[in-house]
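This report refers to the structure that appears directly beneath it.
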Amino acid sequence: MPRSPVLFPLLLLLLPPLALGLGLRGAGGRRPQCGPCRPEFCPALERCPAPGIAARDECGCCVRCLGAEGASCGGRAGARCGPGLVCASRATGAAPEGTGLCVCAQRGTVCGSDGRSYSSVCALRLRARHAPRAHSGHLHKARDGPCEFAPVVITPPQSVHNVTGAPVYLSCEVRAVPTPVVTWRKVTQSPEGTQVLEDLPGDHINIAVQVRGGPSEHEATAWILINPLKKEDEGVYQCHSANAVGEAQSHGTVTVVDLSQYKAPRFPAPDDHM
């Protein structure tokens, strides 16, 4: 049976209501529940408190403040989060019922084109929004993960002194990305007068070296323990750190007092005055 020519125009008339019933709308189209935009009825917008973002509402009509990463959202006021953020519920009792926290939909640290690390791509975008566009290469994500940088000595080793036979230790903290390799060396002088670096612990049975991560992210802490302390252990000790980007070092001095040469003061006996 041939199709009726009347069916095609009828389908065209039915498609728009059908699309609305299914919740479909064209890209950039207004939501059915929004109605016509009347800017004169929009509430007056004062300057958004930092680091809030001013943007149009769901209907693309009135401008309102959107929460930045870490801001409260939801609740009776219906506070919304900024671009790229989602409203995540908090633990029960941590905040008023119905409120949440704006978190970045894309988690993880990123490296910006300015060489700085950002806690998330949302934090990077917020920085880019407020940064001046001085050139075409505006602030953007360079890569995932923190930016690489050469080691920096956060806490250098402190010089110590003690008597022979006692334990002493030196420590240093280093920060770097990628994680650096930290080693200890003793600085000595050759018979010709040139500087010599001796890797430790070497053959010294009284010296132990330990390295661990921390105390903060991208940091490493290194210790060297000398026990028991000998007179020949006196000298300068170098904490050396290196990664693919660069290296750094810092020094501490160990001074040894020979216990055998240390004489305690002699107090006169009572009979000395007789």
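Every chain in the structure tokens has a letter given in the order shown (A, B, ...), and although residue numbers restart at 1 in each chain, ligands are simply numbered from 1 in the order shown.
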Q: Apply DSSP to the backbone of this structure and, from segment 67-166 of chain A, keep only the residues in helix (DSSP H, G or I); write these as a PyMOL selection string.
A: chain A and resi 121-130
Restricted to N, CA and C atoms, what would the selected residues look like written as a PDB file, in the first residue's frame?
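Below is the file that was written, part.pdb:
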ATOM      1  N   VAL A 121      43.011  20.706  38.053  1.00  0.00           N
ATOM      2  CA  VAL A 121      42.880  21.500  36.834  1.00  0.00           C
ATOM      3  C   VAL A 121      41.900  22.647  37.064  1.00  0.00           C
ATOM      4  N   CYS A 122      40.969  22.479  38.014  1.00  0.00           N
ATOM      5  CA  CYS A 122      40.025  23.555  38.337  1.00  0.00           C
ATOM      6  C   CYS A 122      40.755  24.728  38.989  1.00  0.00           C
ATOM      7  N   ALA A 123      41.697  24.432  39.878  1.00  0.00           N
ATOM      8  CA  ALA A 123      42.489  25.496  40.498  1.00  0.00           C
ATOM      9  C   ALA A 123      43.324  26.224  39.446  1.00  0.00           C
ATOM     10  N   LEU A 124      43.803  25.490  38.461  1.00  0.00           N
ATOM     11  CA  LEU A 124      44.566  26.105  37.368  1.00  0.00           C
ATOM     12  C   LEU A 124      43.670  27.030  36.550  1.00  0.00           C
ATOM     13  N   ARG A 125      42.462  26.579  36.237  1.00  0.00           N
ATOM     14  CA  ARG A 125      41.539  27.404  35.442  1.00  0.00           C
ATOM     15  C   ARG A 125      41.129  28.659  36.192  1.00  0.00           C
ATOM     16  N   LEU A 126      40.961  28.530  37.507  1.00  0.00           N
ATOM     17  CA  LEU A 126      40.603  29.703  38.307  1.00  0.00           C
ATOM     18  C   LEU A 126      41.729  30.724  38.273  1.00  0.00           C
ATOM     19  N   ARG A 127      42.960  30.240  38.374  1.00  0.00           N
ATOM     20  CA  ARG A 127      44.119  31.128  38.295  1.00  0.00           C
ATOM     21  C   ARG A 127      44.187  31.794  36.922  1.00  0.00           C
ATOM     22  N   ALA A 128      43.916  31.010  35.874  1.00  0.00           N
ATOM     23  CA  ALA A 128      43.956  31.559  34.517  1.00  0.00           C
ATOM     24  C   ALA A 128      42.865  32.609  34.316  1.00  0.00           C
ATOM     25  N   ARG A 129      41.711  32.407  34.969  1.00  0.00           N
ATOM     26  CA  ARG A 129      40.603  33.359  34.829  1.00  0.00           C
ATOM     27  C   ARG A 129      40.981  34.726  35.374  1.00  0.00           C
ATOM     28  N   HIS A 130      41.736  34.747  36.469  1.00  0.00           N
ATOM     29  CA  HIS A 130      42.086  36.024  37.113  1.00  0.00           C
ATOM     30  C   HIS A 130      43.448  36.547  36.671  1.00  0.00           C
TER      31      HIS A 130
END
(Q) List the spatial neighbours of Lys186 of chain A as a list in words - criterion: any atom at most 12 Å away, only C-alpha atoms, same-chain residues fewer than 4 positions off excluded. (A) Gln195, Val196, Leu197, Glu198, Asp199, Leu200, Pro201, Gly202, His204, Ile207, Ile224, Glu232, Asp233, Glu234, Gly235, Val236, Tyr237, Gln238, Cys239, His240, Ser250, His251, Gly252, Thr253 and Val254 of chain A
Using C-alpha atoms, can you write the selected residues to a file as a PDB file, in the first residue's frame?
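Saved as result_10.pdb:
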ATOM      1  CA  GLN A 195      89.073  18.039  47.936  1.00  0.00           C
ATOM      2  CA  VAL A 196      88.045  14.374  48.118  1.00  0.00           C
ATOM      3  CA  LEU A 197      84.466  13.129  48.600  1.00  0.00           C
ATOM      4  CA  GLU A 198      84.131   9.751  50.317  1.00  0.00           C
ATOM      5  CA  ASP A 199      80.782   7.978  49.837  1.00  0.00           C
ATOM      6  CA  LEU A 200      79.314   6.762  53.128  1.00  0.00           C
ATOM      7  CA  PRO A 201      78.953   4.423  54.907  1.00  0.00           C
ATOM      8  CA  GLY A 202      81.706   2.707  52.884  1.00  0.00           C
ATOM      9  CA  HIS A 204      83.010   2.260  58.302  1.00  0.00           C
ATOM     10  CA  ILE A 207      78.465   4.565  60.428  1.00  0.00           C
ATOM     11  CA  ILE A 224      73.710   9.535  59.106  1.00  0.00           C
ATOM     12  CA  GLU A 232      89.033  10.060  62.918  1.00  0.00           C
ATOM     13  CA  ASP A 233      85.304  10.701  62.323  1.00  0.00           C
ATOM     14  CA  GLU A 234      85.864  14.418  62.809  1.00  0.00           C
ATOM     15  CA  GLY A 235      85.304  16.487  59.675  1.00  0.00           C
ATOM     16  CA  VAL A 236      82.763  17.911  57.218  1.00  0.00           C
ATOM     17  CA  TYR A 237      79.824  15.794  56.054  1.00  0.00           C
ATOM     18  CA  GLN A 238      77.895  16.555  52.875  1.00  0.00           C
ATOM     19  CA  CYS A 239      74.216  15.760  52.256  1.00  0.00           C
ATOM     20  CA  HIS A 240      73.986  15.442  48.459  1.00  0.00           C
ATOM     21  CA  SER A 250      74.518  21.090  52.129  1.00  0.00           C
ATOM     22  CA  HIS A 251      77.192  20.528  54.788  1.00  0.00           C
ATOM     23  CA  GLY A 252      77.477  19.890  58.508  1.00  0.00           C
ATOM     24  CA  THR A 253      80.587  19.593  60.696  1.00  0.00           C
ATOM     25  CA  VAL A 254      81.325  16.932  63.319  1.00  0.00           C
TER      26      VAL A 254
END
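Among the candidates A:Gly84, A:Ile226, A:Cys42, A:Gly100, the residue lying nearest to Val168 of chain A is A:Ile226 (atoms considered: only C-alpha atoms).
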Q: May I have the residues within 6 Å of segment 154-157 of chain A as a ChimeraX atom specification, using only C-alpha atoms and disregarding those fewer than 3 positions away in the same chain?
A: /A:170-174,250,252
Within 12 Å of Phe41 of chain A using only C-alpha atoms, minus same-chain residues under 4 positions, as an mmCIF file with N, CA and C atoms, in the first residue's frame:
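Okay, this is what ended up in out_6.cif:
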data_model
loop_
_atom_site.group_PDB
_atom_site.id
_atom_site.type_symbol
_atom_site.label_atom_id
_atom_site.label_comp_id
_atom_site.auth_asym_id
_atom_site.auth_seq_id
_atom_site.Cartn_x
_atom_site.Cartn_y
_atom_site.Cartn_z
ATOM 1 N N PRO A 36 10.832 32.760 29.074
ATOM 2 C CA PRO A 36 11.547 33.873 28.437
ATOM 3 C C PRO A 36 12.453 34.601 29.436
ATOM 4 N N CYS A 37 13.602 35.054 28.970
ATOM 5 C CA CYS A 37 14.547 35.763 29.836
ATOM 6 C C CYS A 37 14.109 37.212 30.001
ATOM 7 N N LEU A 45 23.344 41.947 41.233
ATOM 8 C CA LEU A 45 24.518 41.152 41.601
ATOM 9 C C LEU A 45 25.627 42.065 42.094
ATOM 10 N N CYS A 61 20.267 33.344 31.768
ATOM 11 C CA CYS A 61 19.662 34.679 31.825
ATOM 12 C C CYS A 61 20.334 35.542 32.888
ATOM 13 N N CYS A 62 20.075 35.254 34.177
ATOM 14 C CA CYS A 62 20.590 36.084 35.264
ATOM 15 C C CYS A 62 22.012 35.674 35.633
ATOM 16 N N VAL A 63 22.793 36.675 36.009
ATOM 17 C CA VAL A 63 24.166 36.423 36.449
ATOM 18 C C VAL A 63 24.161 36.236 37.962
#
Q | DSSP strand (DSSP E) residues within segment 25-178 of chain A, as an MDAnalysis selection string | A | chainID A and resid 53:56 63:66 72:74 85:89 99:104 110:112 117:118 141:144 149:155 160:163 168:177
